[in-house]
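J.: My questions will all concern the structure given below.
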Amino acid sequence: MVADETAMRPAVRETYGPADLSRAPIFAGGFINFGYWRAIDLSGPLGEAERVRSQEDLYRHVLDAAGLGNEPKVLEVGCGLGMGCALTLREYGPAAVTGLDVHPEQLRRARSAQADLLHDKPGRLRFVQGTAERMPLPAGEFDAVVSVEAAQHFPDLDAFAAEAARVLRPGGRVAVASFFTVDDAPGRPEELAKLLETYANGLDIARPVTALTDAFRAAGLTGARVESIGPQVWQGWDRWLSRWWAPGTWPRNFLRAYEERILDYYVVTAARP
């Protein structure tokens, strides 16, 4: 089953297709995430090595939160260029890693970027086209479902949660890293649309983090837990952005939205009983 490409919203289609966000220098090394900067000295100079480390560390934090057991089968939803899949394969000893993405251009880039791994580790790495809400994968196949900075694009968190529960084996875990509003106060979408272009153009969807935990519970997942990692994300991200963007420009408003208690960055976990 191939994903219905018409399910992609226009902003997603453009950003991860012709615009190819992975080429932007702010996303060094082919990763596309804001980074987890805890181990990086923000008072010193920041170069590409530090930036790549921050993005890798975000994956490590999420994979650790997933509590991977011995030789797990791992699914990444919204895999992009497969950089996180490659890190998982190198560092966590999985039996197999599957990268799922809705965008065929991203999958083409992933297969090119990870050509050596695909060749050297046949059967342990694959890339599949599909949506978060309708995964073309068997039930109970995976020990862990992870998603790093993609859930802000998912149109239907309830459907995503139901699919995550379906493809997990009993005892398997899901771990999602993304940014959400801190509450469901009226007007949050409008506030973010005024501050951040990605909310104004429809690339990102404004929802409270409780929308994801509620979706996990409704899907039958248990032990839903929310961890704010904003202190390890926003300052570093803003410091990195300052290389290209002046204070007051819209990308710098991510830190402002966090400081004004509108938006935060979370890792959300749950388990299939």
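Every chain in the structure tokens has a letter given in the order shown (A, B, ...), and although residue numbers restart at 1 in each chain, ligands are simply numbered from 1 in the order shown.
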Please give the complete set of residues from stretch 183-220 of chain A that DSSP, run on the backbone, assigns to alpha helix (DSSP H), formatted as a ChimeraX atom specification.
T.: /A:188-195,197-200,209-218
J.: Find the spatial neighbours of A:Ile26, counting only C-alpha atoms, within a cut-off of 9 Å - ignore same-chain residues fewer than 3 positions away - and output them as a PyMOL selection string.
T.: chain A and resi 22-23+32+34+51+240-241+243-244
J.: For the selection you just gave me, I'd like the residues written to a file as a short mmCIF file (atom, residue, chain, number, x, y, z; two decimals), in the first residue's frame, keeping N, CA, C and O atoms.
T.:
data_model
loop_
_atom_site.label_atom_id
_atom_site.label_comp_id
_atom_site.auth_asym_id
_atom_site.auth_seq_id
_atom_site.Cartn_x
_atom_site.Cartn_y
_atom_site.Cartn_z
N SER A 22 16.19 20.17 4.36
CA SER A 22 17.45 19.57 4.82
C SER A 22 18.67 20.28 4.26
O SER A 22 19.78 20.13 4.79
N ARG A 23 18.50 21.07 3.21
CA ARG A 23 19.63 21.81 2.64
C ARG A 23 19.91 23.11 3.37
O ARG A 23 20.96 23.72 3.16
N ILE A 32 16.92 17.28 10.64
CA ILE A 32 15.97 18.39 10.61
C ILE A 32 15.28 18.45 11.97
O ILE A 32 14.16 18.00 12.15
N PHE A 34 15.49 20.81 16.05
CA PHE A 34 16.01 21.98 16.76
C PHE A 34 17.22 21.66 17.63
O PHE A 34 17.98 22.55 17.98
N ARG A 51 26.40 21.73 16.21
CA ARG A 51 25.01 21.66 15.74
C ARG A 51 24.60 20.22 15.45
O ARG A 51 23.52 19.77 15.86
N TRP A 240 21.90 29.29 18.01
CA TRP A 240 22.30 28.85 16.67
C TRP A 240 21.65 29.71 15.60
O TRP A 240 22.29 30.13 14.64
N LEU A 241 20.36 30.02 15.78
CA LEU A 241 19.66 30.86 14.80
C LEU A 241 20.29 32.25 14.70
O LEU A 241 20.20 32.90 13.64
N ARG A 243 23.09 33.17 14.21
CA ARG A 243 24.10 33.27 13.16
C ARG A 243 23.51 33.85 11.88
O ARG A 243 24.22 34.44 11.07
N TRP A 244 22.19 33.65 11.69
CA TRP A 244 21.55 34.08 10.45
C TRP A 244 20.43 35.09 10.65
O TRP A 244 20.12 35.86 9.74
#
J.: Calculated over only C-alpha atoms, which of the candidates A:Pro104, A:Gly80, A:Gly69, A:Gly44 has the smallest distance to A:Phe27?
T.: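 For A:Phe27, the nearest of the candidates is A:Gly80.
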J.: Please provide the set of residues having any atom within 10 Å of A:Gly236, restricted to only C-alpha atoms, with same-chain residues fewer than 5 positions apart removed, written as a list of chain:residue names.
T.: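 Everything that qualifies: A:Phe34, A:Gly35, A:Tyr36, A:Trp37, A:Arg38, A:Ile40, A:Asp41, A:Leu42, A:Ser43, A:Leu46, A:Arg51, A:Ser54, A:Gly230, A:Pro231, A:Leu241, A:Ser242, A:Leu255.
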J.: Write out as an mmCIF file with C-alpha atoms, in the first residue's frame which residues come within 12 Å of A:Ala175 when counting only C-alpha atoms, dropping same-chain ones fewer than 6 positions away.
T.:
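Contents of part_15.cif, freshly written:
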data_model
loop_
_atom_site.group_PDB
_atom_site.id
_atom_site.type_symbol
_atom_site.label_atom_id
_atom_site.label_comp_id
_atom_site.auth_asym_id
_atom_site.auth_seq_id
_atom_site.Cartn_x
_atom_site.Cartn_y
_atom_site.Cartn_z
ATOM 1 C CA LEU A 58 17.916 14.762 20.564
ATOM 2 C CA TYR A 59 17.609 11.355 18.923
ATOM 3 C CA ARG A 60 19.602 9.737 21.727
ATOM 4 C CA HIS A 61 17.331 11.307 24.323
ATOM 5 C CA VAL A 62 14.219 10.028 22.543
ATOM 6 C CA LEU A 63 15.644 6.556 21.956
ATOM 7 C CA ASP A 64 16.657 6.324 25.607
ATOM 8 C CA ALA A 65 13.139 7.406 26.601
ATOM 9 C CA ALA A 66 11.773 4.582 24.439
ATOM 10 C CA GLY A 67 13.606 2.119 26.696
ATOM 11 C CA LEU A 68 14.919 -0.098 23.932
ATOM 12 C CA VAL A 74 12.307 0.164 15.762
ATOM 13 C CA LEU A 75 10.002 2.307 13.639
ATOM 14 C CA GLU A 76 10.657 6.015 13.101
ATOM 15 C CA VAL A 77 7.614 8.000 11.946
ATOM 16 C CA ASP A 143 9.220 -2.983 19.948
ATOM 17 C CA ALA A 144 9.440 0.813 19.714
ATOM 18 C CA VAL A 145 7.822 3.585 17.717
ATOM 19 C CA VAL A 146 9.709 6.878 17.810
ATOM 20 C CA SER A 147 9.099 10.221 16.162
ATOM 21 C CA VAL A 148 11.429 13.210 16.351
ATOM 22 C CA GLU A 149 10.059 16.649 15.536
ATOM 23 C CA ALA A 150 7.382 15.492 13.115
ATOM 24 C CA ALA A 151 4.206 15.297 15.220
ATOM 25 C CA ALA A 161 -1.856 7.104 18.338
ATOM 26 C CA ALA A 164 1.240 3.425 16.930
ATOM 27 C CA ALA A 165 -0.691 1.162 19.293
ATOM 28 C CA LEU A 168 3.542 -2.051 18.634
ATOM 29 C CA LEU A 212 -1.176 13.679 22.431
ATOM 30 C CA THR A 213 -1.412 12.116 25.880
ATOM 31 C CA PHE A 216 -2.426 7.718 23.557
ATOM 32 C CA LEU A 221 -1.682 2.890 25.581
ATOM 33 C CA GLY A 223 1.626 5.146 31.454
ATOM 34 C CA ALA A 224 1.579 8.264 29.282
ATOM 35 C CA ARG A 225 4.296 10.589 30.545
ATOM 36 C CA VAL A 226 5.218 14.135 29.511
ATOM 37 C CA GLU A 227 8.736 15.530 29.925
ATOM 38 C CA TYR A 266 8.283 17.842 25.035
ATOM 39 C CA VAL A 267 9.118 14.172 24.973
ATOM 40 C CA VAL A 268 5.937 12.122 25.395
ATOM 41 C CA THR A 269 6.073 8.386 26.088
ATOM 42 C CA ALA A 270 3.553 5.586 26.565
ATOM 43 C CA ALA A 271 3.435 1.789 26.396
ATOM 44 C CA ARG A 272 1.252 -0.890 24.893
#
J.: List the spatial neighbours of A:Cys79 as number ranges by chain - criterion: any atom at most 6 Å away, only C-alpha atoms, same-chain residues fewer than 6 positions off excluded.
T.: A: 99-101
J.: Please, could you write that set of residues out with N, CA, C and O atoms as a CSV table (one decimal), in the first residue's frame?
T.:
chain,number,residue,atom,x,y,z
A,99,GLY,N,12.2,3.3,8.6
A,99,GLY,CA,11.9,4.7,8.5
A,99,GLY,C,10.7,4.9,7.6
A,99,GLY,O,10.6,4.4,6.5
A,100,LEU,N,9.7,5.6,8.2
A,100,LEU,CA,8.4,5.9,7.5
A,100,LEU,C,8.3,7.4,7.2
A,100,LEU,O,8.5,8.2,8.1
A,101,ASP,N,7.9,7.7,6.0
A,101,ASP,CA,7.7,9.2,5.7
A,101,ASP,C,6.7,9.3,4.7
A,101,ASP,O,6.5,8.4,3.8
J.: Considering only C-alpha atoms, tabulate each residue of stretch 140-230 of chain A that lies at most 10 Å from stretch 120-135 of chain A along with its nearest interatomic pair and the corresponding distance in Å to one decimal; arrange the rows by chain and ascending residue number and present them as JSON lines.
T.:
{"residue": "A:Ser147", "atom": "CA", "partner": "A:Ala132", "partner_atom": "CA", "distance": 9.7}
{"residue": "A:Ala150", "atom": "CA", "partner": "A:Ala132", "partner_atom": "CA", "distance": 9.4}
{"residue": "A:Ala151", "atom": "CA", "partner": "A:Ala132", "partner_atom": "CA", "distance": 8.6}
{"residue": "A:His153", "atom": "CA", "partner": "A:Ala132", "partner_atom": "CA", "distance": 9.7}
{"residue": "A:Phe154", "atom": "CA", "partner": "A:Ala132", "partner_atom": "CA", "distance": 6.8}
{"residue": "A:Pro155", "atom": "CA", "partner": "A:Glu133", "partner_atom": "CA", "distance": 8.2}
{"residue": "A:Asp156", "atom": "CA", "partner": "A:Glu133", "partner_atom": "CA", "distance": 6.7}
{"residue": "A:Leu157", "atom": "CA", "partner": "A:Glu133", "partner_atom": "CA", "distance": 7.7}
{"residue": "A:Asp158", "atom": "CA", "partner": "A:Glu133", "partner_atom": "CA", "distance": 8.1}
{"residue": "A:Ala159", "atom": "CA", "partner": "A:Glu133", "partner_atom": "CA", "distance": 4.8}
{"residue": "A:Phe160", "atom": "CA", "partner": "A:Glu133", "partner_atom": "CA", "distance": 4.4}
{"residue": "A:Ala161", "atom": "CA", "partner": "A:Glu133", "partner_atom": "CA", "distance": 8.0}
{"residue": "A:Ala162", "atom": "CA", "partner": "A:Glu133", "partner_atom": "CA", "distance": 7.9}
{"residue": "A:Glu163", "atom": "CA", "partner": "A:Glu133", "partner_atom": "CA", "distance": 6.3}
{"residue": "A:Ala164", "atom": "CA", "partner": "A:Ala132", "partner_atom": "CA", "distance": 8.3}
{"residue": "A:Arg166", "atom": "CA", "partner": "A:Met135", "partner_atom": "CA", "distance": 9.5}
{"residue": "A:Val167", "atom": "CA", "partner": "A:Met135", "partner_atom": "CA", "distance": 8.3}
